[in-house]
>>> print(open('query-v9.csv').read())   # CSV, C-alpha atoms
chain,number,residue,atom,x,y,z
A,1,MET,CA,19.2,-7.3,-19.9
A,2,LYS,CA,18.0,-5.8,-16.5
A,3,MET,CA,14.5,-6.5,-15.4
A,4,ARG,CA,12.1,-3.5,-15.0
A,5,VAL,CA,9.0,-3.2,-12.8
A,6,ARG,CA,5.9,-2.4,-14.8
A,7,LYS,CA,3.0,-4.0,-12.9
A,8,ALA,CA,1.7,-3.2,-9.4
A,9,VAL,CA,-0.6,-5.5,-7.4
A,10,PHE,CA,-3.0,-4.3,-4.9
A,11,PRO,CA,-4.5,-6.9,-2.5
A,12,ALA,CA,-8.0,-5.6,-1.7
A,13,ALA,CA,-10.1,-8.7,-0.7
A,14,GLY,CA,-9.9,-8.2,3.1
A,15,LEU,CA,-13.1,-7.7,5.1
A,16,GLY,CA,-12.0,-4.5,6.8
A,17,THR,CA,-13.3,-5.5,10.2
A,18,ARG,CA,-11.4,-2.8,12.1
A,19,PHE,CA,-13.7,-0.2,10.5
A,20,LEU,CA,-17.0,-1.8,11.1
A,21,PRO,CA,-19.8,-0.8,10.7
A,22,ALA,CA,-18.5,1.6,8.0
A,23,THR,CA,-17.1,-1.3,6.0
A,24,LYS,CA,-20.2,-3.5,6.3
A,25,ALA,CA,-21.3,-2.5,2.8
A,26,GLN,CA,-18.3,-0.5,1.6
A,27,PRO,CA,-14.7,-1.6,1.0
A,28,LYS,CA,-12.2,-0.2,3.4
A,29,GLU,CA,-10.1,0.7,0.4
A,30,MET,CA,-12.8,3.2,-0.6
A,31,LEU,CA,-12.9,5.1,2.7
A,32,PRO,CA,-11.9,8.7,1.8
A,33,LEU,CA,-8.9,10.6,3.1
A,34,VAL,CA,-10.4,14.1,2.6
A,35,ASP,CA,-12.0,13.5,-0.8
A,36,LYS,CA,-10.0,10.7,-2.3
A,37,PRO,CA,-10.3,7.0,-1.5
A,38,ILE,CA,-7.4,5.3,0.2
A,39,ILE,CA,-6.6,3.0,-2.7
A,40,GLN,CA,-6.3,5.9,-5.1
A,41,TYR,CA,-3.3,7.3,-3.2
A,42,GLY,CA,-1.6,4.0,-3.8
A,43,VAL,CA,-2.5,3.8,-7.5
A,44,GLU,CA,-1.3,7.3,-8.0
A,45,GLU,CA,2.0,6.4,-6.3
A,46,ALA,CA,2.4,3.4,-8.6
A,47,LEU,CA,1.7,5.5,-11.7
A,48,ALA,CA,4.1,8.2,-10.6
A,49,SER,CA,6.8,5.5,-10.0
A,50,GLY,CA,6.6,4.3,-13.6
A,51,CYS,CA,4.1,1.4,-13.4
A,52,ASP,CA,1.8,1.2,-16.4
A,53,GLN,CA,-0.5,-1.7,-15.3
A,54,ILE,CA,-2.5,-2.0,-12.1
A,55,ILE,CA,-3.8,-5.4,-10.8
A,56,ILE,CA,-6.3,-5.3,-8.0
A,57,VAL,CA,-7.1,-8.5,-6.2
A,58,THR,CA,-10.7,-8.2,-5.1
A,59,GLY,CA,-13.4,-10.3,-3.4
A,60,ARG,CA,-17.1,-10.3,-2.7
A,61,GLY,CA,-18.5,-6.8,-2.0
A,62,LYS,CA,-15.7,-5.0,-3.7
A,63,THR,CA,-17.4,-3.8,-6.8
A,64,ALA,CA,-17.2,-0.2,-5.7
A,65,ILE,CA,-13.5,-0.3,-6.3
A,66,GLU,CA,-14.0,-1.4,-9.9
A,67,ASP,CA,-16.7,1.3,-10.4
A,68,HIS,CA,-14.4,4.0,-9.1
A,69,PHE,CA,-11.7,3.4,-11.7
A,70,ASP,CA,-14.3,2.8,-14.5
A,71,VAL,CA,-16.0,5.4,-16.7
A,72,SER,CA,-19.2,6.8,-15.2
A,73,TYR,CA,-21.2,7.9,-18.2
A,74,GLU,CA,-24.3,9.1,-16.3
A,75,LEU,CA,-22.2,11.2,-13.9
A,76,GLU,CA,-20.0,12.7,-16.6
A,77,LYS,CA,-23.1,13.6,-18.7
A,78,MET,CA,-24.7,15.3,-15.8
A,79,LEU,CA,-21.6,17.3,-14.9
A,80,GLU,CA,-21.1,18.3,-18.6
A,81,GLU,CA,-24.8,19.4,-18.9
A,82,ARG,CA,-24.5,21.6,-15.8
A,83,GLY,CA,-21.2,23.1,-16.9
A,84,LYS,CA,-19.2,21.7,-14.0
A,85,THR,CA,-16.1,21.4,-16.0
A,86,GLU,CA,-13.6,21.2,-13.1
A,87,LEU,CA,-15.5,18.3,-11.4
A,88,LEU,CA,-15.9,16.6,-14.8
A,89,SER,CA,-12.1,16.8,-15.3
A,90,ILE,CA,-11.5,15.2,-11.9
A,91,VAL,CA,-13.9,12.4,-12.7
A,92,ARG,CA,-12.5,11.7,-16.1
A,93,GLN,CA,-8.9,11.8,-14.8
A,94,ILE,CA,-9.6,8.8,-12.5
A,95,SER,CA,-10.9,6.6,-15.3
A,96,ASP,CA,-8.2,7.7,-17.7
A,97,MET,CA,-5.5,7.3,-15.1
A,98,ILE,CA,-4.1,3.9,-15.9
A,99,HIS,CA,-5.1,0.4,-17.2
A,100,VAL,CA,-6.6,-1.6,-14.3
A,101,ALA,CA,-7.2,-5.4,-14.3
A,102,TYR,CA,-9.0,-7.4,-11.6
A,103,VAL,CA,-8.7,-10.9,-10.3
A,104,ARG,CA,-11.0,-12.4,-7.6
A,105,GLN,CA,-9.7,-14.0,-4.4
A,106,LYS,CA,-12.7,-16.2,-3.5
A,107,GLU,CA,-11.5,-16.6,0.1
A,108,ALA,CA,-9.5,-14.2,2.2
A,109,MET,CA,-6.6,-16.7,2.9
A,110,GLY,CA,-3.8,-14.2,3.6
A,111,LEU,CA,-1.6,-11.8,1.9
A,112,GLY,CA,0.6,-14.5,0.3
A,113,HIS,CA,-2.5,-16.1,-1.2
A,114,ALA,CA,-3.7,-12.7,-2.6
A,115,VAL,CA,-0.3,-12.3,-4.3
A,116,LEU,CA,-0.5,-15.8,-5.7
A,117,MET,CA,-3.9,-15.0,-7.3
A,118,ALA,CA,-2.2,-12.3,-9.5
A,119,ARG,CA,0.2,-14.8,-11.0
A,120,GLU,CA,-1.4,-15.2,-14.4
A,121,LEU,CA,-1.8,-11.4,-14.8
A,122,VAL,CA,1.8,-10.7,-13.7
A,123,GLY,CA,3.5,-13.3,-15.7
A,124,ASN,CA,7.3,-14.0,-15.6
A,125,GLU,CA,8.5,-10.5,-14.6
A,126,PRO,CA,9.2,-8.6,-11.4
A,127,PHE,CA,6.2,-6.7,-9.9
A,128,ALA,CA,5.3,-4.4,-7.0
A,129,VAL,CA,2.9,-5.1,-4.2
A,130,LEU,CA,1.3,-2.1,-2.5
A,131,LEU,CA,-1.0,-2.4,0.6
A,132,ALA,CA,-3.5,0.5,0.3
A,133,ASP,CA,-3.7,0.8,4.1
A,134,ASP,CA,-0.2,2.2,4.1
A,135,VAL,CA,-0.5,5.7,2.7
A,136,ILE,CA,3.0,7.1,2.3
A,137,ASP,CA,3.5,10.8,1.8
A,138,ALA,CA,6.8,11.4,0.2
A,139,GLN,CA,8.3,14.0,-2.2
A,140,LYS,CA,9.8,11.1,-4.3
A,141,PRO,CA,7.2,8.3,-4.3
A,142,CYS,CA,8.2,5.4,-2.0
A,143,LEU,CA,7.8,2.9,-4.7
A,144,ARG,CA,10.1,4.9,-7.1
A,145,GLN,CA,12.8,5.0,-4.4
A,146,MET,CA,12.5,1.2,-4.1
A,147,MET,CA,12.6,0.8,-7.9
A,148,ASP,CA,15.9,2.7,-8.1
A,149,VAL,CA,17.4,0.2,-5.7
A,150,PHE,CA,15.9,-2.7,-7.7
A,151,GLU,CA,17.2,-1.5,-11.0
A,152,GLU,CA,20.7,-1.8,-9.6
A,153,SER,CA,20.3,-4.9,-7.4
A,154,GLN,CA,17.8,-6.9,-9.4
A,155,CYS,CA,16.6,-8.6,-6.2
A,156,SER,CA,13.4,-8.4,-4.1
A,157,ILE,CA,13.0,-5.2,-2.0
A,158,ILE,CA,10.9,-4.8,1.1
A,159,ALA,CA,10.0,-1.3,2.5
A,160,THR,CA,10.9,-0.9,6.1
A,161,GLN,CA,10.9,1.7,8.8
A,162,GLU,CA,12.1,1.8,12.4
A,163,VAL,CA,9.5,1.1,15.0
A,164,ASN,CA,10.5,1.2,18.7
A,165,GLY,CA,8.8,-0.2,21.8
A,166,PRO,CA,5.8,-2.6,22.1
A,167,ALA,CA,4.4,-1.5,18.7
A,168,ILE,CA,7.0,-3.7,17.0
A,169,SER,CA,4.8,-6.7,17.9
A,170,SER,CA,2.2,-5.6,15.4
A,171,TYR,CA,4.6,-6.0,12.4
A,172,GLY,CA,6.7,-8.4,10.5
A,173,VAL,CA,10.3,-7.6,11.6
A,174,LEU,CA,13.5,-8.0,9.6
A,175,ASP,CA,16.7,-9.6,10.8
A,176,ALA,CA,19.0,-7.6,8.5
A,177,GLN,CA,22.5,-6.0,8.2
A,178,LYS,CA,23.0,-2.5,6.8
A,179,ILE,CA,24.7,-2.4,3.4
A,180,GLU,CA,27.5,0.1,3.8
A,181,GLY,CA,28.6,2.5,1.1
A,182,LYS,CA,25.5,2.0,-1.2
A,183,PHE,CA,22.0,3.3,-1.5
A,184,ASP,CA,22.7,6.3,0.9
A,185,GLY,CA,22.9,3.8,3.8
A,186,ARG,CA,19.2,3.1,3.5
A,187,ALA,CA,19.4,-0.6,2.3
A,188,PHE,CA,19.8,-3.7,4.4
A,189,ASP,CA,20.7,-7.2,3.5
A,190,VAL,CA,17.9,-9.4,4.9
A,191,ARG,CA,18.9,-12.6,6.6
A,192,SER,CA,15.5,-13.6,8.0
A,193,MET,CA,12.2,-12.1,9.1
A,194,VAL,CA,9.7,-12.8,11.9
A,195,GLU,CA,6.0,-12.2,11.8
A,196,LYS,CA,4.7,-10.2,14.8
A,197,PRO,CA,7.3,-11.2,17.4
A,198,LYS,CA,7.1,-10.3,21.1
A,199,GLN,CA,9.0,-7.1,21.8
A,200,GLU,CA,11.9,-8.9,23.6
A,201,GLU,CA,12.2,-11.5,20.8
A,202,ALA,CA,12.2,-9.1,17.8
A,203,PRO,CA,15.5,-9.4,15.9
A,204,SER,CA,15.6,-5.6,15.2
A,205,ASN,CA,13.4,-2.5,15.1
A,206,LEU,CA,13.0,-2.7,11.3
A,207,ALA,CA,9.3,-3.2,10.7
A,208,ILE,CA,8.0,-4.4,7.3
A,209,ILE,CA,5.8,-1.7,5.6
A,210,GLY,CA,3.3,-2.4,2.9
A,211,ARG,CA,5.5,-1.9,-0.2
A,212,TYR,CA,7.3,-4.8,-1.9
A,213,ILE,CA,9.1,-5.4,-5.2
A,214,LEU,CA,9.2,-9.1,-5.8
A,215,THR,CA,10.8,-11.3,-8.5
A,216,PRO,CA,8.5,-13.9,-10.2
A,217,THR,CA,10.2,-16.8,-8.3
A,218,ILE,CA,8.0,-15.8,-5.4
A,219,PHE,CA,5.0,-17.5,-7.1
A,220,GLU,CA,6.7,-20.9,-7.1
A,221,THR,CA,7.8,-20.4,-3.5
A,222,LEU,CA,4.3,-19.5,-2.4
A,223,GLU,CA,2.9,-22.6,-4.0
A,224,ARG,CA,5.2,-24.7,-1.9
A,225,THR,CA,4.7,-22.8,1.3
A,226,PRO,CA,2.4,-24.4,3.8
A,227,LEU,CA,-0.5,-22.5,5.3
A,228,GLY,CA,0.2,-20.7,8.6
A,229,ALA,CA,-1.8,-19.5,11.5
A,230,GLY,CA,-5.6,-19.3,10.8
A,231,GLY,CA,-5.2,-21.4,7.6
A,232,GLU,CA,-3.7,-18.4,5.8
A,233,LEU,CA,-0.8,-18.3,3.3
A,234,GLN,CA,1.5,-15.6,4.6
A,235,LEU,CA,3.7,-13.6,2.3
A,236,THR,CA,6.4,-13.4,5.1
A,237,ASP,CA,6.6,-17.2,5.0
A,238,GLY,CA,7.1,-17.1,1.2
A,239,LEU,CA,9.8,-14.5,1.5
A,240,ARG,CA,11.6,-16.7,4.1
A,241,GLY,CA,11.4,-19.5,1.5
A,242,LEU,CA,13.2,-17.2,-1.0
A,243,LEU,CA,15.9,-16.6,1.5
A,244,SER,CA,16.3,-20.3,2.2
A,245,ALA,CA,16.6,-21.0,-1.6
A,246,GLY,CA,19.6,-18.5,-1.7
A,247,GLU,CA,17.7,-15.6,-3.2
A,248,LYS,CA,18.8,-12.2,-2.0
A,249,ILE,CA,16.3,-9.7,-0.4
A,250,TYR,CA,17.0,-6.1,0.5
A,251,GLY,CA,15.1,-4.0,3.1
A,252,TYR,CA,14.9,-0.3,2.3
A,253,THR,CA,14.2,2.5,4.8
A,254,PHE,CA,12.3,4.9,2.5
A,255,GLU,CA,12.2,8.7,2.8
A,256,GLY,CA,8.7,10.0,3.6
A,257,LYS,CA,5.9,9.7,6.2
A,258,ARG,CA,3.8,6.6,6.4
A,259,HIS,CA,0.2,6.8,7.6
A,260,ASP,CA,-1.4,3.6,8.9
A,261,ALA,CA,-4.9,4.2,7.3
A,262,GLY,CA,-6.0,0.7,8.3
A,263,ASP,CA,-6.1,1.9,11.9
A,264,LYS,CA,-8.8,4.2,13.2
A,265,LEU,CA,-6.4,6.6,14.9
A,266,GLY,CA,-3.9,6.5,12.0
A,267,PHE,CA,-6.8,7.2,9.6
A,268,LEU,CA,-7.9,10.2,11.6
A,269,LYS,CA,-4.3,11.6,11.8
A,270,ALA,CA,-3.8,11.1,8.0
A,271,THR,CA,-7.1,12.9,7.3
A,272,VAL,CA,-6.0,15.9,9.3
A,273,GLU,CA,-2.5,16.0,7.8
A,274,PHE,CA,-3.7,15.7,4.2
A,275,ALA,CA,-6.4,18.3,4.8
A,276,LEU,CA,-3.9,20.7,6.2
A,277,LYS,CA,-1.6,20.3,3.1
A,278,ARG,CA,-4.5,21.2,0.7
A,279,PRO,CA,-4.2,24.9,-0.4
A,280,ASP,CA,-8.0,25.0,-0.8
A,281,LEU,CA,-8.7,23.6,2.7
A,282,GLY,CA,-5.5,24.0,4.8
A,283,PRO,CA,-5.7,27.6,5.9
A,284,ASP,CA,-9.4,27.5,7.0
A,285,PHE,CA,-9.0,24.1,8.5
A,286,ALA,CA,-5.9,25.1,10.5
A,287,GLU,CA,-7.8,28.2,11.8
A,288,TYR,CA,-10.7,25.9,12.9
A,289,LEU,CA,-8.3,23.6,14.7
A,290,ARG,CA,-6.7,26.5,16.5
A,291,SER,CA,-10.1,27.6,17.7
A,292,LEU,CA,-11.0,24.3,19.3
A,293,LYS,CA,-10.8,24.2,23.1
A,294,ILE,CA,-9.7,20.6,23.5
A,295,GLU,CA,-10.0,19.2,26.9
A,296,SER,CA,-8.6,15.9,28.2
A,297,PRO,CA,-11.1,13.0,27.8
A,298,VAL,CA,-13.0,12.2,31.0
A,299,GLU,CA,-12.1,8.9,32.5
A,300,VAL,CA,-15.1,6.7,33.0
A,301,ALA,CA,-15.0,4.6,36.2
>>> encode(input="query-v9.csv", output="structure tokens")
Amino acid sequence: MKMRVRKAVFPAAGLGTRFLPATKAQPKEMLPLVDKPIIQYGVEEALASGCDQIIIVTGRGKTAIEDHFDVSYELEKMLEERGKTELLSIVRQISDMIHVAYVRQKEAMGLGHAVLMARELVGNEPFAVLLADDVIDAQKPCLRQMMDVFEESQCSIIATQEVNGPAISSYGVLDAQKIEGKFDGRAFDVRSMVEKPKQEEAPSNLAIIGRYILTPTIFETLERTPLGAGGELQLTDGLRGLLSAGEKIYGYTFEGKRHDAGDKLGFLKATVEFALKRPDLGPDFAEYLRSLKIESPVEVA
């Protein structure tokens, strides 16, 4: 009987230092793209892809995430009393969206460690991992595209996209060979992977993006994987362990546009593009942007 992906894990225990001081007292996952927090885009993607359970790995100072997906009785009562039915529906839709469970990562010890923290809640079944920083705008959800590949291959899947030039050094990079004649030419057989290589040492231009489908054997592998740089347990090291044990991993170049909302410039670009797509905001916002007389920034000596 073929395995099916039902659970989605969201590592959300990071400190969000790239957005200080905004993230000093607010989780970076709760920073809004227009009027919706970053993490909600990922949760909605998982839901639209067929997942029925969400597991969020949190840490200290992350209670705002739990509050966001919980019922807010006081707010709902106020909106109901004031007859703001449209806003009330939006608020209730968030808490009714999907079942969410939480597990604490006491120390931020890397992505691999965050995934390992979800072991008891995941159990012995395949699961998805979504990094909220990567917001992917796609007609068919990115995770759903990957699930279609998983349902046929029954092996771990890593989302990937081509990144050229020096920027490749900011990513994990796949050493992979295209699988001809299957999956619309978008799948690759992964031979190895390198974390943040120098541009001249990168094995390809296929960068790892924050979507994974993993088989439960990843947990045993992560337990045996030694800590890497900075005393962190890297998911990339665990995936290399799966390959060494003979388990197959595919890379998949998804259809859609990925926004790096964990980067300030990427966050700003995503905000503009999502605002322009909104029927209630797009036309007026586009008109405003056209009215701006943008000059080149002045160089400071």
>>> atom_distance(input="query-v9.csv", atom1="atom CA of A:Ile38", atom2="atom CA of A:Cys155")
28.5 Å
>>> atom_distance(input="query-v9.csv", atom1="atom CA of A:Glu180", atom2="atom CA of A:Ser192")
18.7 Å
>>> atom_distance(input="query-v9.csv", atom1="atom CA of A:Ala229", atom2="atom CA of A:Met109")
10.2 Å
>>> residues_near_point(input="query-v9.csv", point="(-0.5, 9.8, -12.2)", cutoff="12 Å", atoms="all atoms listed in the file", output="MDAnalysis selection string")
chainID A and resid 40:54 93:99 141
>>> residues_around(input="query-v9.csv", residues="A:Lys2", least_positions_apart="4", cutoff="9 Å", atoms="only C-alpha atoms", output="list in words")
Glu151, Glu152 and Gln154 of chain A
>>> closest_atom_pairs(input="query-v9.csv", of="stretch 87-186 of chain A", to="stretch 200-204 of chain A", cutoff="7 Å", atoms="only C-alpha atoms", output="CSV")
residue,atom,partner,partner_atom,distance
A:Val173,CA,A:Ala202,CA,6.7
A:Leu174,CA,A:Ser204,CA,6.4
A:Asp175,CA,A:Pro203,CA,5.2
>>> residues_around(input="query-v9.csv", residues="A:Gly210", least_positions_apart="3", cutoff="6 Å", atoms="only C-alpha atoms", output="PyMOL selection string")
chain A and resi 130-131+134
>>> write_last_selection(input="query-v9.csv", atoms="C-alpha atoms", output="PDB file, in the frame of the given file")
ATOM      1  CA  LEU A 130       1.300  -2.100  -2.500  1.00  0.00           C
ATOM      2  CA  LEU A 131      -1.000  -2.400   0.600  1.00  0.00           C
ATOM      3  CA  ASP A 134      -0.200   2.200   4.100  1.00  0.00           C
TER       4      ASP A 134
END
